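One file, input_13.cif, carrying mmCIF, C-alpha atoms:
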```
data_model
#
loop_
_atom_site.label_atom_id
_atom_site.label_comp_id
_atom_site.auth_asym_id
_atom_site.auth_seq_id
_atom_site.Cartn_x
_atom_site.Cartn_y
_atom_site.Cartn_z
CA MET A 1 -52.76 2.59 -12.25
CA ALA A 2 -51.20 1.25 -9.06
CA GLN A 3 -51.38 2.68 -5.56
CA VAL A 4 -48.07 3.08 -3.78
CA SER A 5 -48.53 2.77 -0.02
CA ILE A 6 -47.31 0.71 2.93
CA GLY A 7 -49.12 0.06 6.20
CA ASP A 8 -52.55 1.24 7.23
CA SER A 9 -51.90 4.16 9.55
CA GLU A 10 -53.35 7.59 8.88
CA PHE A 11 -49.92 8.79 7.81
CA ASP A 12 -49.61 5.95 5.29
CA ARG A 13 -53.09 6.53 3.90
CA ASP A 14 -52.56 10.28 3.59
CA THR A 15 -49.16 9.92 1.88
CA ALA A 16 -50.36 7.25 -0.56
CA VAL A 17 -49.73 8.01 -4.22
CA THR A 18 -51.10 6.31 -7.32
CA ARG A 19 -48.81 5.62 -10.25
CA ARG A 20 -50.59 6.95 -13.33
CA GLU A 21 -47.71 6.11 -15.67
CA GLU A 22 -43.95 5.87 -15.39
CA GLY A 23 -42.72 8.92 -13.49
CA VAL A 24 -46.18 10.40 -12.89
CA TYR A 25 -48.15 9.97 -9.64
CA ASP A 26 -51.52 11.25 -8.49
CA ALA A 27 -52.05 12.25 -4.87
CA GLU A 28 -54.63 13.86 -2.59
CA LEU A 29 -53.26 16.42 -0.13
CA SER A 30 -55.13 15.82 3.11
CA ALA A 31 -56.60 18.71 5.12
CA GLY A 32 -55.59 16.75 8.22
CA TRP A 33 -51.98 17.94 7.93
CA THR A 34 -52.58 21.68 7.71
CA ILE A 35 -51.22 24.57 9.77
CA ILE A 36 -53.17 27.83 9.52
CA GLN A 37 -54.81 26.48 6.33
CA ALA A 38 -51.45 25.67 4.65
CA VAL A 39 -50.40 22.06 4.14
CA ASN A 40 -47.40 21.21 6.35
CA GLY A 41 -44.08 21.15 4.50
CA GLY A 42 -42.81 17.98 6.18
CA TYR A 43 -45.97 16.09 5.23
CA LEU A 44 -45.55 17.25 1.63
CA LEU A 45 -41.92 16.11 1.67
CA ALA A 46 -42.97 12.66 2.88
CA LEU A 47 -45.59 12.47 0.13
CA ILE A 48 -43.03 13.28 -2.55
CA GLY A 49 -40.58 10.97 -0.81
CA ARG A 50 -42.98 8.08 -1.24
CA ALA A 51 -43.26 8.73 -4.97
CA LEU A 52 -39.48 8.92 -5.33
CA GLY A 53 -39.08 5.70 -3.35
CA ASP A 54 -41.24 3.98 -5.95
CA ALA A 55 -39.60 5.63 -8.95
CA LEU A 56 -35.96 5.06 -7.93
CA PRO A 57 -34.19 1.68 -7.64
CA HIS A 58 -33.16 2.28 -4.00
CA PRO A 59 -35.74 2.27 -1.18
CA ASP A 60 -34.63 4.83 1.41
CA PRO A 61 -34.19 8.62 1.37
CA PHE A 62 -30.63 9.61 2.29
CA SER A 63 -30.59 13.31 1.38
CA VAL A 64 -33.64 15.29 0.27
CA SER A 65 -33.53 18.98 -0.66
CA ALA A 66 -36.79 20.79 -1.32
CA HIS A 67 -37.58 24.30 -2.53
CA TYR A 68 -41.12 25.42 -1.67
CA VAL A 69 -42.22 27.46 -4.66
CA THR A 70 -45.85 28.26 -3.78
CA ALA A 71 -48.13 27.36 -0.85
CA SER A 72 -49.97 24.04 -1.19
CA ARG A 73 -53.61 23.55 -0.32
CA PRO A 74 -55.67 20.44 0.43
CA GLY A 75 -56.91 18.67 -2.68
CA PRO A 76 -55.67 16.85 -5.77
CA ALA A 77 -52.02 17.02 -6.81
CA VAL A 78 -49.74 15.39 -9.33
CA ILE A 79 -46.08 14.46 -8.73
CA ARG A 80 -43.72 14.19 -11.68
CA THR A 81 -40.45 12.35 -11.07
CA GLN A 82 -37.27 11.88 -13.07
CA THR A 83 -34.35 9.54 -12.44
CA VAL A 84 -31.13 11.56 -12.74
CA ARG A 85 -28.67 8.75 -12.06
CA SER A 86 -28.74 5.16 -10.85
CA GLY A 87 -25.61 3.82 -9.18
CA ARG A 88 -24.77 0.73 -7.17
CA THR A 89 -25.15 2.33 -3.74
CA LEU A 90 -27.03 5.56 -4.49
CA SER A 91 -29.62 6.75 -6.96
CA THR A 92 -30.51 10.38 -7.56
CA GLY A 93 -33.87 11.68 -8.65
CA GLN A 94 -35.86 14.85 -8.88
CA ALA A 95 -39.55 15.49 -8.43
CA SER A 96 -42.02 18.35 -8.56
CA LEU A 97 -45.47 18.51 -7.02
CA PHE A 98 -48.13 20.42 -8.94
CA GLN A 99 -51.68 21.48 -8.23
CA TYR A 100 -54.26 22.89 -10.59
CA ALA A 101 -55.26 26.55 -10.86
CA GLU A 102 -58.88 27.54 -11.52
CA ASP A 103 -58.19 27.68 -15.24
CA GLY A 104 -56.86 24.11 -15.19
CA THR A 105 -53.17 24.95 -15.58
CA GLU A 106 -50.59 23.24 -13.38
CA VAL A 107 -48.93 25.32 -10.66
CA GLU A 108 -45.67 24.02 -9.22
CA ARG A 109 -45.67 23.85 -5.43
CA ILE A 110 -42.41 22.10 -4.54
CA ARG A 111 -39.29 21.00 -6.40
CA VAL A 112 -37.11 18.28 -4.87
CA LEU A 113 -33.69 16.79 -5.61
CA ALA A 114 -32.93 13.63 -3.64
CA SER A 115 -30.43 10.81 -3.21
CA TYR A 116 -31.76 7.39 -2.20
CA GLY A 117 -29.95 4.28 -0.96
CA ASP A 118 -30.38 1.29 1.33
CA LEU A 119 -30.05 2.15 5.04
CA ASP A 120 -29.74 -1.52 5.96
CA ALA A 121 -26.54 -1.77 3.89
CA LEU A 122 -24.70 0.98 5.81
CA SER A 123 -21.66 0.33 7.98
CA ASP A 124 -22.08 0.04 11.76
CA ASP A 125 -19.07 2.33 12.32
CA VAL A 126 -20.21 5.49 14.19
CA ARG A 127 -17.79 8.22 15.34
CA THR A 128 -19.60 11.25 16.69
CA THR A 129 -19.43 14.04 19.22
CA ALA A 130 -23.17 14.64 18.91
CA LYS A 131 -25.29 13.95 21.99
CA PRO A 132 -29.05 13.46 22.40
CA PRO A 133 -30.91 16.58 23.56
CA SER A 134 -31.58 16.92 27.26
CA ILE A 135 -35.37 16.70 27.60
CA PRO A 136 -37.37 15.92 30.76
CA PRO A 137 -39.20 12.57 30.88
CA ILE A 138 -42.16 12.51 28.55
CA GLU A 139 -44.65 12.60 31.44
CA HIS A 140 -43.15 15.94 32.54
CA CYS A 141 -43.47 17.56 29.12
CA LEU A 142 -46.44 19.51 27.74
CA GLY A 143 -48.92 18.67 25.00
CA SER A 144 -51.50 20.85 23.30
CA GLY A 145 -53.97 20.47 26.17
CA ASP A 146 -51.53 20.67 29.09
CA GLY A 147 -50.43 23.58 31.23
CA PRO A 148 -52.41 26.51 32.62
CA ALA A 149 -53.92 27.15 29.17
CA PRO A 150 -54.02 25.21 25.92
CA ILE A 151 -51.06 25.83 23.68
CA PRO A 152 -52.26 28.41 21.13
CA GLY A 153 -51.99 28.00 17.39
CA SER A 154 -53.60 24.58 17.39
CA SER A 155 -54.25 23.22 13.93
CA ALA A 156 -55.38 20.02 12.25
CA ILE A 157 -51.90 18.51 12.24
CA THR A 158 -51.68 18.52 16.05
CA GLU A 159 -54.42 15.89 16.19
CA ARG A 160 -52.21 13.52 14.20
CA LEU A 161 -49.10 13.94 16.32
CA MET A 162 -47.93 12.81 19.73
CA LEU A 163 -46.04 15.97 20.60
CA LYS A 164 -44.77 16.68 24.12
CA LEU A 165 -42.75 19.89 24.42
CA ASP A 166 -39.92 20.50 26.84
CA PRO A 167 -41.38 23.08 29.29
CA ALA A 168 -38.17 25.11 28.94
CA THR A 169 -39.02 25.76 25.28
CA CYS A 170 -42.72 26.53 25.42
CA GLY A 171 -42.86 29.77 27.40
CA TRP A 172 -44.39 31.28 24.25
CA ALA A 173 -47.54 29.26 24.95
CA VAL A 174 -48.22 31.22 28.15
CA GLY A 175 -46.99 34.60 26.93
CA ALA A 176 -43.47 34.31 28.33
CA PRO A 177 -41.08 33.32 25.52
CA SER A 178 -37.48 32.65 26.60
CA GLY A 179 -35.93 34.75 23.85
CA LYS A 180 -33.89 31.72 22.77
CA GLY A 181 -34.51 30.17 19.37
CA GLU A 182 -34.89 26.64 20.72
CA MET A 183 -37.60 23.98 20.53
CA ARG A 184 -37.34 20.48 21.98
CA ALA A 185 -39.93 17.73 22.16
CA TRP A 186 -40.80 14.07 22.32
CA PHE A 187 -42.38 13.13 19.02
CA GLY A 188 -44.47 10.37 17.49
CA LEU A 189 -47.58 9.78 15.43
CA ALA A 190 -50.83 9.86 17.40
CA ASP A 191 -52.01 6.48 16.11
CA GLY A 192 -48.87 4.79 17.43
CA ARG A 193 -47.23 4.06 14.08
CA ASP A 194 -43.49 3.63 14.58
CA ALA A 195 -41.13 5.98 12.82
CA ASP A 196 -39.44 4.97 9.58
CA PRO A 197 -37.20 6.82 7.08
CA LEU A 198 -40.21 8.29 5.28
CA SER A 199 -41.89 9.65 8.41
CA LEU A 200 -38.60 11.29 9.44
CA LEU A 201 -39.16 13.69 6.53
CA LEU A 202 -42.29 14.83 8.40
CA THR A 203 -40.63 14.84 11.83
CA VAL A 204 -38.01 17.50 11.02
CA ASP A 205 -40.74 20.04 10.19
CA ALA A 206 -43.51 19.18 12.66
CA LEU A 207 -42.63 21.12 15.84
CA PRO A 208 -43.81 24.68 16.56
CA PRO A 209 -41.46 27.23 14.96
CA THR A 210 -38.46 28.38 17.00
CA ALA A 211 -39.58 31.92 16.16
CA PHE A 212 -42.29 31.50 18.82
CA GLU A 213 -39.63 31.31 21.55
CA LEU A 214 -38.07 34.45 20.07
CA GLY A 215 -41.35 36.19 20.83
CA ILE A 216 -42.58 36.29 17.22
CA LYS A 217 -45.93 34.74 16.33
CA GLY A 218 -47.42 33.89 12.97
CA TRP A 219 -46.95 31.62 9.98
CA VAL A 220 -43.31 30.70 9.24
CA PRO A 221 -43.32 29.48 5.60
CA THR A 222 -40.42 27.28 4.54
CA VAL A 223 -38.31 28.51 1.64
CA GLU A 224 -35.89 25.56 1.46
CA LEU A 225 -35.52 22.38 3.52
CA THR A 226 -32.70 19.83 3.32
CA THR A 227 -33.00 16.60 5.30
CA HIS A 228 -30.41 13.88 5.86
CA VAL A 229 -31.68 10.48 7.04
CA ARG A 230 -28.79 8.75 8.85
CA CYS A 231 -30.22 5.39 9.92
CA ARG A 232 -33.44 3.47 10.33
CA PRO A 233 -35.06 4.54 13.65
CA ALA A 234 -35.69 2.07 16.45
CA PRO A 235 -39.29 1.67 17.68
CA GLY A 236 -40.46 4.15 20.30
CA PRO A 237 -40.81 7.91 20.64
CA LEU A 238 -38.30 10.23 19.03
CA ARG A 239 -36.57 13.23 20.56
CA VAL A 240 -36.36 16.32 18.39
CA SER A 241 -34.23 19.41 18.95
CA ILE A 242 -34.48 22.50 16.72
CA VAL A 243 -32.30 25.60 17.05
CA THR A 244 -32.24 29.00 15.33
CA ARG A 245 -29.05 31.03 15.76
CA ASN A 246 -29.61 33.80 13.25
CA LEU A 247 -32.70 35.78 12.31
CA ALA A 248 -31.75 38.53 9.87
CA GLY A 249 -33.25 40.29 6.89
CA GLY A 250 -36.64 38.74 7.54
CA PHE A 251 -35.36 35.14 7.29
CA LEU A 252 -34.27 32.55 9.83
CA GLU A 253 -32.64 29.14 9.71
CA GLU A 254 -33.69 26.10 11.73
CA ASP A 255 -31.25 23.26 12.43
CA ALA A 256 -32.97 20.06 13.57
CA GLU A 257 -31.70 16.80 15.04
CA VAL A 258 -33.86 13.70 15.52
CA TRP A 259 -32.81 10.96 17.96
CA ASP A 260 -34.40 7.56 18.42
CA SER A 261 -35.03 5.43 21.52
CA ALA A 262 -31.60 3.78 21.09
CA ASP A 263 -29.85 7.17 21.42
CA ARG A 264 -28.91 7.26 17.74
CA LEU A 265 -28.97 10.38 15.59
CA VAL A 266 -31.40 9.24 12.88
CA ALA A 267 -32.03 12.47 10.96
CA GLN A 268 -30.72 16.01 10.60
CA SER A 269 -32.06 18.98 8.70
CA ARG A 270 -31.57 22.64 7.97
CA GLN A 271 -34.25 24.91 6.59
CA LEU A 272 -34.48 28.53 5.58
CA ALA A 273 -37.82 30.10 6.48
CA LEU A 274 -39.50 33.47 6.21
CA ALA A 275 -39.84 35.05 9.64
CA PRO A 276 -43.25 36.33 10.74
CA ARG A 277 -43.63 40.08 10.81
CA GLY A 278 -45.13 40.12 14.30
#
```

What is this structure when it is put down as structure tokens?
Amino acid sequence: MAQVSIGDSEFDRDTAVTRREEGVYDAELSAGWTIIQAVNGGYLLALIGRALGDALPHPDPFSVSAHYVTASRPGPAVIRTQTVRSGRTLSTGQASLFQYAEDGTEVERIRVLASYGDLDALSDDVRTTAKPPSIPPIEHCLGSGDGPAPIPGSSAITERLMLKLDPATCGWAVGAPSGKGEMRAWFGLADGRDADPLSLLLTVDALPPTAFELGIKGWVPTVELTTHVRCRPAPGPLRVSIVTRNLAGGFLEEDAEVWDSADRLVAQSRQLALAPRG
């Protein structure tokens, strides 16, 4: 059995997996990445992403699509991977994360289909109309302990993040939501670990839900999340912008963009989530 991990930050330790045999990895879902007792979906995606990075011949996640089948809880888990195709520039794999029921049977939590490649081999040619989000300087943004009152809904994961929200998108924290489905923030890991392609899978799902700024509180469970990693992020804090344009039928979408300190769009995502009933 071989442990698959890089670095020594809390994120690296908590996303470590141990190769039991070819295509099978053991993991421990940490309670430190929970929100209202549920394990955060971005953390779970990074955990599976680490297993796939070991199982596939290419190192970096390019496109990762995950369906969240049942809610995960802290504790032991097993990840089963399969290589679908190996090409020269891209490899495709699938993975499922399972936990054990009381009777010992495996319960599937997440199923993932992903394409991996080498970000360092990509062309430098960039043609884009996308622009970084307009966010006040980090010292003018709000963390969990800032403002006239602590931001409600604190959970274990907030202790592991450096999260500074744009004041224009956190009216919900003081009972005055804007009515716009927008969330913007400076983002990093609390222990100072620089972002990499794997941690970007966490980043796209780590901000408070946009539903809060629509005036709706409560748990917003992810149904499906697709993330595209566009380039390796430069050191320094990230800027994250998430927008919801349509809440209908009890579901909402969230479109996220992640920008690095060099003003490059390093990741994008779209997720479908179940709206709170509040």

Any chance you could work out the residue set of the PyMOL selection byres ((chain A and resi 213-221) around 6) here, as a ChimeraX atom specification?
/A:172,177-181,210-212,222,273-276,278

Shell around segment 269-271 of chain A at 12 Å using only C-alpha atoms, local window under 6 positions removed, as JSON, numbers by chain
{"A": [41, 42, 62, 63, 64, 65, 66, 67, 68, 200, 201, 202, 203, 204, 205, 209, 210, 220, 221, 222, 223, 224, 225, 226, 227, 228, 229, 230, 240, 241, 242, 243, 244, 245, 251, 252, 253, 254, 255, 256, 257, 258]}

Contact residues around segment 136-140 of chain A with only C-alpha atoms at 10 Å, ignoring same-chain residues under 4 positions, as a PyMOL selection string
chain A and resi 163-168+184-187+237+239

Interatomic distance (Å, one decimal) between atom CA of Ala195 of chain A and atom CA of Ala121 of chain A
18.8 Å

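Within 6 Å of segment 94-102 of chain A there are A:Ala77, A:Val78, A:Ile79, A:Arg80, A:Thr81, A:Gln82, A:Glu106, A:Val107, A:Glu108, A:Arg109, A:Ile110, A:Arg111, A:Val112, A:Leu113, counting only C-alpha atoms and ignoring same-chain residues fewer than 4 positions away.
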
Kindly add N, CA, C and O atoms to the incomplete segment 181-202 of chain A and provide the output as a tab-separated table (two decimals), in the coordinates of the input.
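Just written: rebuild-v4.tsv:
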```tsv
chain	number	residue	atom	x	y	z
A	181	GLY	N	-33.92	30.86	20.51
A	181	GLY	CA	-34.51	30.17	19.37
A	181	GLY	C	-34.35	28.67	19.49
A	181	GLY	O	-33.62	28.05	18.69
A	182	GLU	N	-35.02	28.07	20.46
A	182	GLU	CA	-34.89	26.64	20.72
A	182	GLU	C	-36.26	25.99	20.87
A	182	GLU	O	-37.17	26.60	21.43
A	183	MET	N	-36.39	24.78	20.35
A	183	MET	CA	-37.60	23.98	20.53
A	183	MET	C	-37.18	22.53	20.68
A	183	MET	O	-36.39	22.02	19.88
A	184	ARG	N	-37.67	21.89	21.74
A	184	ARG	CA	-37.34	20.48	21.98
A	184	ARG	C	-38.61	19.74	22.35
A	184	ARG	O	-39.49	20.28	23.04
A	185	ALA	N	-38.71	18.48	21.90
A	185	ALA	CA	-39.93	17.73	22.16
A	185	ALA	C	-39.73	16.24	21.97
A	185	ALA	O	-38.83	15.79	21.23
A	186	TRP	N	-40.58	15.47	22.65
A	186	TRP	CA	-40.80	14.07	22.32
A	186	TRP	C	-41.79	14.04	21.17
A	186	TRP	O	-42.75	14.83	21.13
A	187	PHE	N	-41.57	13.12	20.23
A	187	PHE	CA	-42.38	13.13	19.02
A	187	PHE	C	-42.77	11.72	18.59
A	187	PHE	O	-41.98	10.78	18.68
A	188	GLY	N	-44.01	11.60	18.11
A	188	GLY	CA	-44.47	10.37	17.49
A	188	GLY	C	-45.75	10.66	16.73
A	188	GLY	O	-46.25	11.79	16.72
A	189	LEU	N	-46.28	9.66	16.08
A	189	LEU	CA	-47.58	9.78	15.43
A	189	LEU	C	-48.67	9.35	16.39
A	189	LEU	O	-48.50	8.39	17.16
A	190	ALA	N	-49.79	10.06	16.38
A	190	ALA	CA	-50.83	9.86	17.40
A	190	ALA	C	-51.42	8.46	17.36
A	190	ALA	O	-51.87	7.95	18.39
A	191	ASP	N	-51.41	7.82	16.19
A	191	ASP	CA	-52.01	6.48	16.11
A	191	ASP	C	-51.03	5.38	16.50
A	191	ASP	O	-51.35	4.20	16.39
A	192	GLY	N	-49.84	5.76	16.93
A	192	GLY	CA	-48.87	4.79	17.43
A	192	GLY	C	-47.97	4.18	16.38
A	192	GLY	O	-47.12	3.34	16.70
A	193	ARG	N	-48.10	4.58	15.14
A	193	ARG	CA	-47.23	4.06	14.08
A	193	ARG	C	-45.78	4.39	14.41
A	193	ARG	O	-45.43	5.52	14.72
A	194	ASP	N	-44.90	3.39	14.33
A	194	ASP	CA	-43.49	3.63	14.58
A	194	ASP	C	-42.87	4.44	13.46
A	194	ASP	O	-43.33	4.40	12.30
A	195	ALA	N	-41.84	5.16	13.80
A	195	ALA	CA	-41.13	5.98	12.82
A	195	ALA	C	-40.38	5.10	11.83
A	195	ALA	O	-39.94	4.00	12.14
A	196	ASP	N	-40.25	5.60	10.60
A	196	ASP	CA	-39.44	4.97	9.58
A	196	ASP	C	-38.76	6.08	8.79
A	196	ASP	O	-38.98	7.27	9.06
A	197	PRO	N	-37.90	5.76	7.82
A	197	PRO	CA	-37.20	6.82	7.08
A	197	PRO	C	-38.14	7.83	6.44
A	197	PRO	O	-37.83	9.02	6.40
A	198	LEU	N	-39.28	7.37	5.93
A	198	LEU	CA	-40.21	8.29	5.28
A	198	LEU	C	-40.83	9.26	6.28
A	198	LEU	O	-40.93	10.47	6.02
A	199	SER	N	-41.25	8.77	7.43
A	199	SER	CA	-41.89	9.65	8.41
A	199	SER	C	-40.90	10.64	9.02
A	199	SER	O	-41.30	11.68	9.54
A	200	LEU	N	-39.59	10.33	8.96
A	200	LEU	CA	-38.60	11.29	9.44
A	200	LEU	C	-38.63	12.58	8.62
A	200	LEU	O	-38.28	13.65	9.13
A	201	LEU	N	-39.05	12.49	7.36
A	201	LEU	CA	-39.16	13.69	6.53
A	201	LEU	C	-40.25	14.62	7.06
A	201	LEU	O	-40.17	15.84	6.88
A	202	LEU	N	-41.26	14.04	7.71
A	202	LEU	CA	-42.29	14.83	8.40
A	202	LEU	C	-41.75	15.37	9.72
A	202	LEU	O	-41.94	16.55	10.06
```
